[in-house]
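K.L.:
mmCIF, C-alpha atoms, saved as data-v4.cif, coming up:
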data_upload
loop_
_atom_site.label_atom_id
_atom_site.label_comp_id
_atom_site.auth_asym_id
_atom_site.auth_seq_id
_atom_site.Cartn_x
_atom_site.Cartn_y
_atom_site.Cartn_z
CA MET Z 429 -1.65 7.57 -32.96
CA GLN Z 430 -1.99 5.86 -36.29
CA VAL Z 431 -2.50 2.15 -35.53
CA ALA Z 432 -3.80 0.41 -32.39
CA ASN Z 433 -4.98 -3.15 -31.91
CA ASP Z 434 -7.99 -4.26 -29.85
CA GLU Z 435 -5.98 -4.79 -26.67
CA ALA Z 436 -4.57 -1.27 -26.85
CA ARG Z 437 -8.10 0.08 -27.28
CA ARG Z 438 -9.14 -1.82 -24.16
CA LEU Z 439 -6.26 -0.52 -22.07
CA LEU Z 440 -6.18 3.11 -23.22
CA PRO Z 441 -8.84 5.77 -22.58
CA ALA Z 442 -10.58 7.52 -25.46
CA GLY Z 443 -10.79 11.27 -25.80
CA ALA Z 444 -13.86 13.34 -26.61
CA ASP Z 445 -13.34 12.71 -30.32
CA GLY Z 446 -13.03 8.96 -29.80
CA ALA Z 447 -9.28 8.89 -30.42
CA LEU Z 448 -7.10 6.94 -28.00
CA VAL Z 449 -5.18 9.00 -25.45
CA LEU Z 450 -1.88 7.97 -23.92
CA PRO Z 451 -1.82 8.39 -20.11
CA PRO Z 452 0.78 10.95 -18.97
CA ALA Z 453 3.09 8.24 -17.60
CA VAL Z 454 3.09 6.41 -20.94
CA GLN Z 455 3.32 9.66 -22.92
CA ARG Z 456 6.53 10.55 -21.07
CA LEU Z 457 8.08 7.31 -22.22
CA ALA Z 458 6.87 7.84 -25.78
CA ASP Z 459 8.48 11.29 -25.87
CA ALA Z 460 11.72 10.21 -24.17
CA GLY Z 461 13.40 9.26 -27.45
CA GLU Z 462 15.04 6.18 -25.91
CA ASP Z 463 14.15 2.51 -26.13
CA VAL Z 464 12.39 1.20 -23.03
CA VAL Z 465 11.81 -2.45 -22.15
CA ASP Z 466 9.20 -3.65 -19.63
CA ASP Z 467 8.86 -0.45 -17.62
CA VAL Z 468 6.08 -0.58 -15.00
CA GLN Z 469 3.76 2.42 -15.11
CA VAL Z 470 0.75 3.20 -12.92
CA THR Z 471 -2.11 4.94 -14.73
CA GLU Z 472 -5.43 6.13 -13.31
CA ASP Z 473 -6.90 2.63 -13.09
CA ARG Z 474 -4.29 0.16 -14.31
CA VAL Z 475 -0.76 -1.10 -13.82
CA LEU Z 476 0.85 -1.36 -17.26
CA VAL Z 477 4.13 -2.87 -18.40
CA VAL Z 478 5.31 -0.61 -21.22
CA SER Z 479 7.95 -1.09 -23.88
CA ARG Z 480 8.95 1.55 -26.44
CA ARG Z 481 11.07 1.21 -29.57
CA ASP Z 482 11.71 3.36 -32.63
CA ALA Z 483 10.35 2.02 -35.92
CA ARG Z 484 12.96 2.38 -38.65
CA TRP Z 485 13.01 1.86 -42.41
CA GLU Z 486 16.30 1.83 -44.30
CA GLY Z 487 18.01 3.50 -41.38
CA ARG Z 488 15.43 6.29 -41.02
CA ARG Z 489 13.13 6.64 -38.03
CA VAL Z 490 9.57 6.50 -39.31
CA GLY Z 491 7.66 6.22 -36.03
CA THR Z 492 7.44 4.76 -32.56
CA VAL Z 493 6.08 1.39 -31.51
CA ILE Z 494 4.67 1.10 -28.00
CA THR Z 495 3.56 -2.21 -26.52
CA LEU Z 496 1.37 -2.42 -23.45
CA ARG Z 497 0.72 -5.40 -21.16
CA ASP Z 498 -1.92 -5.27 -18.45
CA HIS Z 499 -0.54 -6.30 -15.06
CA THR Z 500 -3.35 -4.82 -12.95
CA GLU Z 501 -4.78 -8.11 -11.71
CA LEU Z 502 -1.33 -9.66 -11.40
CA GLN Z 503 -0.14 -6.73 -9.29
CA ALA Z 504 -3.24 -6.99 -7.09
CA LEU Z 505 -2.73 -10.72 -6.62
CA THR Z 506 0.94 -10.12 -5.89
CA ARG Z 507 0.02 -7.63 -3.16
CA ASP Z 508 -2.40 -10.15 -1.65
CA LEU Z 509 0.30 -12.83 -1.81
CA ASP Z 510 2.82 -10.48 -0.19
CA ALA Z 511 0.38 -9.86 2.67
CA VAL Z 512 -0.12 -13.60 3.20
CA ARG Z 513 3.62 -14.26 2.91
CA GLY Z 514 4.34 -11.50 5.41
CA LEU Z 515 1.90 -13.00 7.90
CA ALA Z 516 3.40 -16.46 7.37
CA GLU Z 517 6.91 -15.12 7.96
CA ALA Z 518 5.70 -13.34 11.08
CA LEU Z 519 4.15 -16.56 12.41
CA ARG Z 520 7.37 -18.46 11.62
CA SER Z 521 9.40 -15.86 13.46
CA GLN Z 522 7.05 -15.95 16.43
CA ALA Z 523 7.28 -19.76 16.53
CA HIS Z 524 11.08 -19.52 16.63
CA GLU Z 525 10.94 -16.94 19.43
CA ALA Z 526 8.39 -19.05 21.30
CA ALA Z 527 10.79 -21.99 21.22
CA ASN Z 528 13.57 -19.83 22.68
CA ARG Z 529 11.29 -18.51 25.43
CA LEU Z 530 10.05 -22.01 26.23
CA HIS Z 531 13.66 -23.09 26.64
CA VAL Z 532 14.19 -20.27 29.15
CA VAL Z 533 11.07 -21.27 31.10
CA VAL Z 534 12.09 -24.94 31.21
CA THR Z 535 15.60 -24.00 32.39
CA LEU Z 536 14.24 -21.80 35.17
CA VAL Z 537 11.95 -24.59 36.35
CA GLU Z 538 14.81 -27.09 36.30
CA ARG Z 539 16.87 -24.72 38.41
CA GLY Z 540 14.09 -24.58 41.00
CA LEU Z 541 12.90 -21.08 40.13
CA PRO Z 542 9.21 -21.59 39.30
CA GLN Z 543 8.11 -18.09 40.27
CA GLN Z 544 10.64 -16.49 37.94
CA ALA Z 545 9.56 -18.93 35.20
CA VAL Z 546 5.90 -17.93 35.60
CA ALA Z 547 6.76 -14.23 35.67
CA PHE Z 548 8.88 -14.52 32.52
CA ALA Z 549 6.26 -16.55 30.64
CA THR Z 550 3.33 -14.30 31.52
CA ALA Z 551 5.25 -11.10 30.74
CA GLU Z 552 6.24 -12.40 27.32
CA LEU Z 553 2.71 -13.63 26.63
CA ALA Z 554 1.19 -10.27 27.58
CA ALA Z 555 3.62 -8.35 25.35
CA ALA Z 556 2.98 -10.64 22.38
CA GLN Z 557 -0.78 -10.64 22.81
CA GLN Z 558 -1.30 -6.93 23.42
CA LEU Z 559 -1.09 -5.83 19.78
CA THR Z 560 -3.12 -8.79 18.53
CA ASP Z 561 -5.93 -8.09 21.00
CA LEU Z 562 -5.98 -4.39 20.09
CA VAL Z 563 -6.04 -5.00 16.34
CA VAL Z 564 -8.65 -7.77 16.45
CA ALA Z 565 -10.90 -5.71 18.74
CA ASP Z 566 -10.70 -2.46 16.78
CA VAL Z 567 -10.16 -3.54 13.15
CA ALA Z 568 -13.16 -5.59 12.02
CA ASP Z 569 -11.82 -6.12 8.51
CA PRO Z 570 -9.91 -9.42 8.77
CA ALA Z 571 -7.57 -8.66 5.85
CA VAL Z 572 -6.46 -5.33 7.34
CA ALA Z 573 -6.15 -6.84 10.82
CA ALA Z 574 -3.96 -9.68 9.53
CA LEU Z 575 -1.88 -7.17 7.56
CA LEU Z 576 -1.19 -5.00 10.63
CA ILE Z 577 -0.24 -8.00 12.78
CA GLY Z 578 2.11 -9.27 10.09
CA LYS Z 579 3.65 -5.84 9.44
CA SER Z 580 4.24 -5.39 13.18
CA ALA Z 581 6.25 -8.60 13.37
CA GLN Z 582 8.20 -7.72 10.22
CA ALA Z 583 8.99 -4.23 11.53
CA ALA Z 584 10.11 -5.62 14.90
CA GLU Z 585 12.57 -7.94 13.16
CA ARG Z 586 14.10 -4.89 11.46
CA GLY Z 587 14.32 -2.91 14.69
CA VAL Z 588 11.25 -0.71 14.19
CA GLU Z 589 8.37 -0.60 16.67
CA LEU Z 590 4.98 -0.54 14.97
CA GLU Z 591 2.22 0.87 17.17
CA VAL Z 592 -1.48 0.80 16.33
CA GLU Z 593 -2.93 3.85 18.05
CA PRO Z 594 -5.62 3.16 20.69
CA ASP Z 595 -8.34 5.19 18.96
CA THR Z 596 -8.15 3.00 15.85
CA ALA Z 597 -11.60 1.75 14.83
CA LEU Z 598 -12.36 0.35 11.39
CA ALA Z 599 -15.58 -1.46 10.56
CA GLU Z 600 -15.78 -4.14 7.90
CA GLY Z 601 -17.25 -3.63 4.45
CA LEU Z 602 -16.90 0.16 4.15
CA LEU Z 603 -14.46 -0.13 1.23
CA PRO Z 604 -13.02 -3.03 -0.77
CA ALA Z 605 -10.54 -4.92 1.43
CA ARG Z 606 -8.01 -5.05 -1.41
CA ASP Z 607 -7.91 -1.24 -1.65
CA LEU Z 608 -7.51 -0.85 2.11
CA VAL Z 609 -4.69 -3.41 2.12
CA THR Z 610 -2.98 -1.48 -0.69
CA VAL Z 611 -3.19 1.82 1.19
CA VAL Z 612 -2.30 0.60 4.68
CA GLY Z 613 0.36 -1.87 3.56
CA ASN Z 614 2.23 0.53 1.30
CA LEU Z 615 2.05 3.45 3.74
CA VAL Z 616 3.42 1.25 6.52
CA ASP Z 617 6.19 -0.13 4.29
CA ASN Z 618 7.15 3.40 3.28
CA ALA Z 619 7.14 4.55 6.92
CA VAL Z 620 9.30 1.61 8.06
CA GLU Z 621 11.87 2.41 5.36
CA ALA Z 622 11.88 6.07 6.45
CA ALA Z 623 12.28 5.11 10.11
CA LEU Z 624 15.21 2.82 9.30
CA ALA Z 625 16.92 5.71 7.50
CA GLY Z 626 16.64 7.88 10.62
CA ALA Z 627 18.21 7.80 14.04
CA PRO Z 628 16.93 5.57 16.86
CA PRO Z 629 14.51 5.13 18.47
CA ARG Z 630 12.76 3.97 15.29
CA TRP Z 631 9.00 3.69 15.31
CA VAL Z 632 5.87 3.83 13.17
CA ARG Z 633 2.35 4.70 14.35
CA VAL Z 634 -0.80 3.72 12.49
CA ARG Z 635 -4.33 4.96 13.03
CA ALA Z 636 -7.33 3.92 10.94
CA THR Z 637 -10.73 5.42 11.66
CA ALA Z 638 -14.03 5.62 9.83
CA ASP Z 639 -17.43 7.24 9.97
CA ALA Z 640 -20.40 7.31 7.63
CA ALA Z 641 -18.58 9.68 5.28
CA ALA Z 642 -15.01 8.44 4.95
CA VAL Z 643 -12.22 6.09 5.98
CA ARG Z 644 -9.06 7.81 7.20
CA VAL Z 645 -5.65 6.18 7.44
CA ARG Z 646 -2.92 8.08 9.27
CA VAL Z 647 0.69 6.84 9.37
CA THR Z 648 3.48 8.61 11.26
CA ASP Z 649 7.13 7.62 11.43
CA SER Z 650 10.31 8.69 13.19
CA GLY Z 651 12.15 9.37 9.94
CA GLU Z 652 13.16 12.66 8.40
CA GLY Z 653 9.68 13.43 7.08
CA LEU Z 654 8.10 13.92 3.68
CA PRO Z 655 7.98 17.61 2.67
CA ALA Z 656 4.64 18.67 1.25
CA GLY Z 657 6.30 19.77 -1.97
CA TRP Z 658 7.28 16.18 -2.68
CA LEU Z 659 3.81 14.71 -2.36
CA GLU Z 660 2.84 15.06 -6.03
CA ARG Z 661 6.02 13.26 -7.07
CA ALA Z 662 5.65 10.69 -4.31
CA VAL Z 663 2.46 9.27 -5.79
CA GLN Z 664 4.06 8.82 -9.20
CA ARG Z 665 5.49 5.47 -10.14
CA GLY Z 666 9.19 5.20 -9.54
CA TRP Z 667 9.44 7.79 -6.77
CA SER Z 668 11.77 6.66 -4.00
CA ARG Z 669 11.51 8.38 -0.63
CA LYS Z 670 14.89 6.95 0.28
CA GLU Z 671 16.55 8.69 -2.69
CA HIS Z 672 14.22 11.73 -2.95
CA ARG Z 673 14.07 11.43 -6.71
CA LEU Z 674 12.25 9.66 -9.52
CA ALA Z 675 13.97 6.35 -10.19
CA PRO Z 676 12.86 5.22 -13.67
CA GLU Z 677 14.77 1.96 -13.42
CA GLY Z 678 13.65 1.01 -9.91
CA ALA Z 679 10.46 -0.31 -8.40
CA HIS Z 680 11.02 0.98 -4.86
CA GLY Z 681 8.63 3.86 -5.40
CA LEU Z 682 5.80 1.75 -6.82
CA GLY Z 683 4.00 1.48 -3.47
CA LEU Z 684 3.13 5.16 -3.05
CA ALA Z 685 2.08 5.32 -6.69
CA LEU Z 686 -0.38 2.48 -6.05
CA VAL Z 687 -1.70 4.38 -3.02
CA GLY Z 688 -2.23 7.39 -5.28
CA GLN Z 689 -4.08 5.20 -7.76
CA VAL Z 690 -6.51 4.02 -5.06
CA VAL Z 691 -7.00 7.59 -3.84
CA ARG Z 692 -7.84 8.84 -7.33
CA ARG Z 693 -10.16 5.92 -8.03
CA HIS Z 694 -12.21 6.63 -4.91
CA GLY Z 695 -12.10 10.43 -5.24
CA GLY Z 696 -10.16 10.74 -1.99
CA THR Z 697 -7.24 12.83 -0.80
CA ILE Z 698 -3.67 12.24 0.34
CA ALA Z 699 -1.91 14.87 2.40
CA VAL Z 700 1.20 15.46 4.48
CA GLU Z 701 0.97 16.79 8.04
CA GLU Z 702 4.11 18.54 9.13
CA PRO Z 703 5.38 17.69 12.64
CA VAL Z 704 4.40 20.09 15.41
CA THR Z 705 6.04 18.46 18.43
CA LEU Z 706 8.85 15.95 18.89
CA ASP Z 707 6.23 13.23 19.40
CA ASP Z 708 5.04 13.83 15.83
CA GLY Z 709 8.24 12.30 14.48
CA GLY Z 710 9.29 13.18 10.97
CA GLY Z 711 5.81 13.82 9.69
CA THR Z 712 2.56 12.11 8.85
CA ILE Z 713 0.78 10.96 5.69
CA VAL Z 714 -3.02 11.00 5.86
CA VAL Z 715 -5.21 9.26 3.28
CA THR Z 716 -8.96 9.94 3.23
CA LEU Z 717 -11.24 7.72 1.15
CA PRO Z 718 -14.96 8.56 0.87
CA VAL Z 719 -17.38 5.77 1.76
CA PRO Z 720 -19.78 5.14 -1.15
CA ARG Z 721 -23.38 5.92 -0.41
CA PRO Z 722 -25.84 3.09 -1.06
CA VAL Z 723 -27.78 3.50 -4.28
CA PRO Z 724 -31.50 3.99 -3.50
CA PRO Z 725 -33.79 1.39 -5.07
CA ALA Z 726 -35.72 2.36 -8.17
CA ALA Z 727 -39.26 3.59 -7.53
CA GLY Z 728 -41.98 1.02 -7.98
CA THR Z 729 -39.81 -2.00 -7.16
CA PRO Z 730 -40.49 -4.36 -4.21
CA ARG Z 731 -37.22 -3.25 -2.62
CA ALA Z 732 -38.30 0.39 -2.76
CA ALA Z 733 -41.64 -0.52 -1.19
CA ARG Z 734 -39.92 -2.36 1.66
CA ALA Z 735 -37.61 0.61 2.23
CA ALA Z 736 -40.64 2.90 2.48
CA GLY Z 737 -42.36 0.57 4.93
CA GLU Z 738 -45.01 -0.48 2.46
CA VAL Z 739 -46.12 -4.04 1.85
CA PRO Z 740 -46.24 -4.79 -1.88
CA THR Z 741 -49.32 -6.64 -3.05
#
Can I see the file as structure tokens?
P.N.:
Amino acid sequence: MQVANDEARRLLPAGADGALVLPPAVQRLADAGEDVVDDVQVTEDRVLVVSRRDARWEGRRVGTVITLRDHTELQALTRDLDAVRGLAEALRSQAHEAANRLHVVVTLVERGLPQQAVAFATAELAAAQQLTDLVVADVADPAVAALLIGKSAQAAERGVELEVEPDTALAEGLLPARDLVTVVGNLVDNAVEAALAGAPPRWVRVRATADAAAVRVRVTDSGEGLPAGWLERAVQRGWSRKEHRLAPEGAHGLGLALVGQVVRRHGGTIAVEEPVTLDDGGGTIVVTLPVPRPVPPAAGTPRAARAAGEVPT
């Protein structure tokens, strides 16, 4: 690399000798030999929009020009907006369904069938409230709880049943909510797409648990499964489970790449569990993210004295 401006130095890591190093995803584009315009690439800690063009002088190629734009914060805000939009769409759908059910109840009452009206109304209310009660009771993080409720409504509209497993238990504050939303949301989206590609019945199961050491997110679907050999490619940008290939021109595979980015940033793991029984569906993806240990206070500070049970004077 011969010339780099200040923004490139901010976005690119430096090697041991201080020289800038192109991330593998960007290096592949640089070596491709073809012009690229606004290609989204996920690096270890950023989402970059990359363009590549040959530099020519009097018809001869004299180098390569690569431009980088940082879309990390924009992508994060977009994911947050998508989660809110999904919840809003779910609420709008539920309001529409509620109006239809209310019409049924009113009609039953008008026909002199109050017992049937009460039975219909209470059955519908119990079915709609069951998932909400389970999620709110077991998922203390409000962002993740809202995400699961919204995703459930979205999946139901597409003919996929989303089930939050009963042993789900996730306390608040163990990891940044934005990272958990990225992992859970993208794994669920990927599982719904896989379930839709398979035969009915179509379903997705989600389990999120945590202890003092780690947060574990487990998502199973009724689709054809994700072979373990594909996992490394699945967490690259552009991988599409639907097409089982890298799709350089598409963004369908961006979700799993963002999950991989979160996993690497936290020093976690992502693994595929092969199905053992028919109830295991097409397979399971398990993400494990270590919970950071609190940093002990420096010796001699008032906080350290309080932690040791001493009263500073």
K.L.:
So which residues get picked by the PyMOL selection byres ((chain Z and resi 492-503) around 8) here, written as a PyMOL selection string?
P.N.:
chain Z and resi 436+439+458+474-483+490-491+504-507
K.L.:
What does the distance from CA of Ala545 (chain Z) to CA of Val533 (chain Z) come to in Å, to one decimal?
P.N.:
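These two atoms are separated by 5.0 Å.
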K.L.:
For Arg633 (chain Z), find every residue with an atom within 8 Å (counting all atoms listed in the file), except residues of its own chain fewer than 3 positions away, and show them as a ChimeraX atom specification.
P.N.:
/Z:590-593,647-649
K.L.:
Point out the residue among Z:Leu684, Z:Glu462, Z:Ala526, Z:Ala623 with the least atom-to-atom distance to Ala584 (chain Z), counting all atoms listed in the file.
P.N.:
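Of Z:Leu684, Z:Glu462, Z:Ala526, Z:Ala623, the one nearest Ala584 (chain Z) is Z:Ala623, counting all atoms listed in the file.
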K.L.:
For this structure, which residues satisfy the selection - the PyMOL selection byres ((chain Z and resi 646) around 6) - when it is evaluated on the file as given? I want them as a ChimeraX atom specification.
P.N.:
/Z:634-635,645,647,713-714
K.L.:
Using Å and a single decimal, report how far CA of Trp485 (chain Z) sits from CA of Val449 (chain Z).
P.N.:
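A separation of 25.9 Å between them.
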K.L.:
Select, from Z:Glu652, Z:Asp607, Z:Glu538, Z:Glu600, the residue with the minimum atom-to-atom distance to Ala625 (chain Z), counting only C-alpha atoms.
P.N.:
Z:Glu652
K.L.:
Mind giving me the straight-line distance from CA of Val564 (chain Z) to CA of Pro720 (chain Z) in Å, one decimal?
P.N.:
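Interatomic distance here is 24.5 Å.
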K.L.:
Between Z:Ala432, Z:Ala597, Z:Val643, Z:Leu575, which has the minimum distance to Asp617 (chain Z) (counting all atoms listed in the file)?
P.N.:
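Looking at the shortest contact to Asp617 (chain Z), the residue is Z:Leu575.
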K.L.:
Counting only C-alpha atoms, figure out which residue out of Z:Ser650, Z:Arg539, Z:Ala622, Z:Val691 gets nearest to Leu608 (chain Z).
P.N.:
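Closest residue, counting only C-alpha atoms: Z:Val691.
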K.L.:
With distances taken over only C-alpha atoms, which of Z:Val512, Z:Gln469, Z:Ala527, Z:Leu659 is nearest to Lys579 (chain Z)?
P.N.:
Z:Val512
K.L.:
Tell me, as a list in words, which residues lie within 10 Å of Ala640 (chain Z), counting all atoms listed in the file; anything in the same chain fewer than 4 positions away does not count.
P.N.:
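What passes the distance filter is Leu602, Pro718, Val719, Pro720 and Arg721 of chain Z.
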K.L.:
If the PyMOL selection byres ((chain Z and resi 452) around 12) is run on the structure shown, which residues does it catch, given as a CSV table (one decimal) with C-alpha atoms, keeping the file's coordinate frame?
P.N.:
chain,number,residue,atom,x,y,z
Z,440,LEU,CA,-6.2,3.1,-23.2
Z,441,PRO,CA,-8.8,5.8,-22.6
Z,449,VAL,CA,-5.2,9.0,-25.4
Z,450,LEU,CA,-1.9,8.0,-23.9
Z,451,PRO,CA,-1.8,8.4,-20.1
Z,453,ALA,CA,3.1,8.2,-17.6
Z,454,VAL,CA,3.1,6.4,-20.9
Z,455,GLN,CA,3.3,9.7,-22.9
Z,456,ARG,CA,6.5,10.6,-21.1
Z,457,LEU,CA,8.1,7.3,-22.2
Z,458,ALA,CA,6.9,7.8,-25.8
Z,459,ASP,CA,8.5,11.3,-25.9
Z,469,GLN,CA,3.8,2.4,-15.1
Z,470,VAL,CA,0.8,3.2,-12.9
Z,471,THR,CA,-2.1,4.9,-14.7
Z,472,GLU,CA,-5.4,6.1,-13.3
Z,664,GLN,CA,4.1,8.8,-9.2
Z,665,ARG,CA,5.5,5.5,-10.1
K.L.:
List as a list in words the residues having at least one atom at most 12 Å from position (9.5, -14.6, 31.7) as given in the file, counting only C-alpha atoms.
P.N.:
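Output of the proximity query reads Ala526, Asn528, Arg529, Leu530, His531, Val532, Val533, Val534, Thr535, Leu536, Val537, Leu541, Pro542, Gln543, Gln544, Ala545, Val546, Ala547, Phe548, Ala549, Thr550, Ala551, Glu552, Leu553, Ala554 and Ala555 of chain Z.
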K.L.:
Kindly indicate which residue among Z:Val616, Z:Ile698, Z:Val468, Z:Ala565 lies nearest to Leu682 (chain Z), using all atoms listed in the file for the distances.
P.N.:
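Closest residue, counting all atoms listed in the file: Z:Val468.
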K.L.:
All heavy atoms for region 543-552 of chain Z, written as a compact mmCIF listing (two decimals), keeping the file's coordinate frame, could you do that?
P.N.:
# COMPACT_ATOMS: atom_id res chain seq x y z
N GLN Z 543 8.74 -19.41 40.28
CA GLN Z 543 8.11 -18.09 40.27
C GLN Z 543 8.70 -17.21 39.16
O GLN Z 543 7.97 -16.50 38.47
CB GLN Z 543 8.29 -17.42 41.64
CG GLN Z 543 7.53 -18.11 42.77
CD GLN Z 543 7.69 -17.39 44.09
OE1 GLN Z 543 8.57 -16.55 44.24
NE2 GLN Z 543 6.83 -17.72 45.05
N GLN Z 544 10.02 -17.26 39.03
CA GLN Z 544 10.64 -16.49 37.94
C GLN Z 544 10.20 -17.02 36.57
O GLN Z 544 10.02 -16.24 35.62
CB GLN Z 544 12.16 -16.55 38.05
CG GLN Z 544 12.74 -15.75 39.21
CD GLN Z 544 12.77 -16.54 40.51
OE1 GLN Z 544 11.99 -17.48 40.68
NE2 GLN Z 544 13.66 -16.15 41.42
N ALA Z 545 10.02 -18.34 36.46
CA ALA Z 545 9.56 -18.93 35.20
C ALA Z 545 8.16 -18.43 34.85
O ALA Z 545 7.88 -18.07 33.70
CB ALA Z 545 9.59 -20.45 35.28
N VAL Z 546 7.26 -18.42 35.83
CA VAL Z 546 5.90 -17.93 35.60
C VAL Z 546 5.91 -16.46 35.24
O VAL Z 546 5.21 -16.01 34.31
CB VAL Z 546 5.02 -18.20 36.84
CG1 VAL Z 546 3.67 -17.50 36.69
CG2 VAL Z 546 4.83 -19.69 37.05
N ALA Z 547 6.71 -15.67 35.95
CA ALA Z 547 6.76 -14.23 35.67
C ALA Z 547 7.28 -13.97 34.26
O ALA Z 547 6.74 -13.12 33.53
CB ALA Z 547 7.65 -13.54 36.70
N PHE Z 548 8.33 -14.70 33.88
CA PHE Z 548 8.88 -14.52 32.52
C PHE Z 548 7.87 -14.92 31.46
O PHE Z 548 7.66 -14.20 30.47
CB PHE Z 548 10.16 -15.36 32.38
CG PHE Z 548 10.78 -15.30 31.01
CD1 PHE Z 548 11.61 -14.25 30.66
CD2 PHE Z 548 10.51 -16.27 30.07
CE1 PHE Z 548 12.17 -14.17 29.39
CE2 PHE Z 548 11.07 -16.22 28.80
CZ PHE Z 548 11.90 -15.16 28.45
N ALA Z 549 7.21 -16.06 31.64
CA ALA Z 549 6.26 -16.55 30.64
C ALA Z 549 5.07 -15.63 30.49
O ALA Z 549 4.63 -15.33 29.38
CB ALA Z 549 5.81 -17.97 31.01
N THR Z 550 4.52 -15.17 31.60
CA THR Z 550 3.33 -14.30 31.52
C THR Z 550 3.67 -12.93 30.96
O THR Z 550 2.87 -12.35 30.22
CB THR Z 550 2.70 -14.15 32.91
OG1 THR Z 550 3.70 -13.70 33.85
CG2 THR Z 550 2.12 -15.47 33.39
N ALA Z 551 4.85 -12.41 31.29
CA ALA Z 551 5.25 -11.10 30.74
C ALA Z 551 5.42 -11.18 29.24
O ALA Z 551 4.97 -10.29 28.49
CB ALA Z 551 6.55 -10.63 31.40
N GLU Z 552 6.06 -12.25 28.75
CA GLU Z 552 6.24 -12.40 27.32
C GLU Z 552 4.91 -12.61 26.61
O GLU Z 552 4.67 -12.09 25.52
CB GLU Z 552 7.18 -13.59 27.04
CG GLU Z 552 8.61 -13.36 27.45
CD GLU Z 552 9.25 -12.24 26.65
OE1 GLU Z 552 9.01 -12.15 25.43
OE2 GLU Z 552 9.99 -11.44 27.24
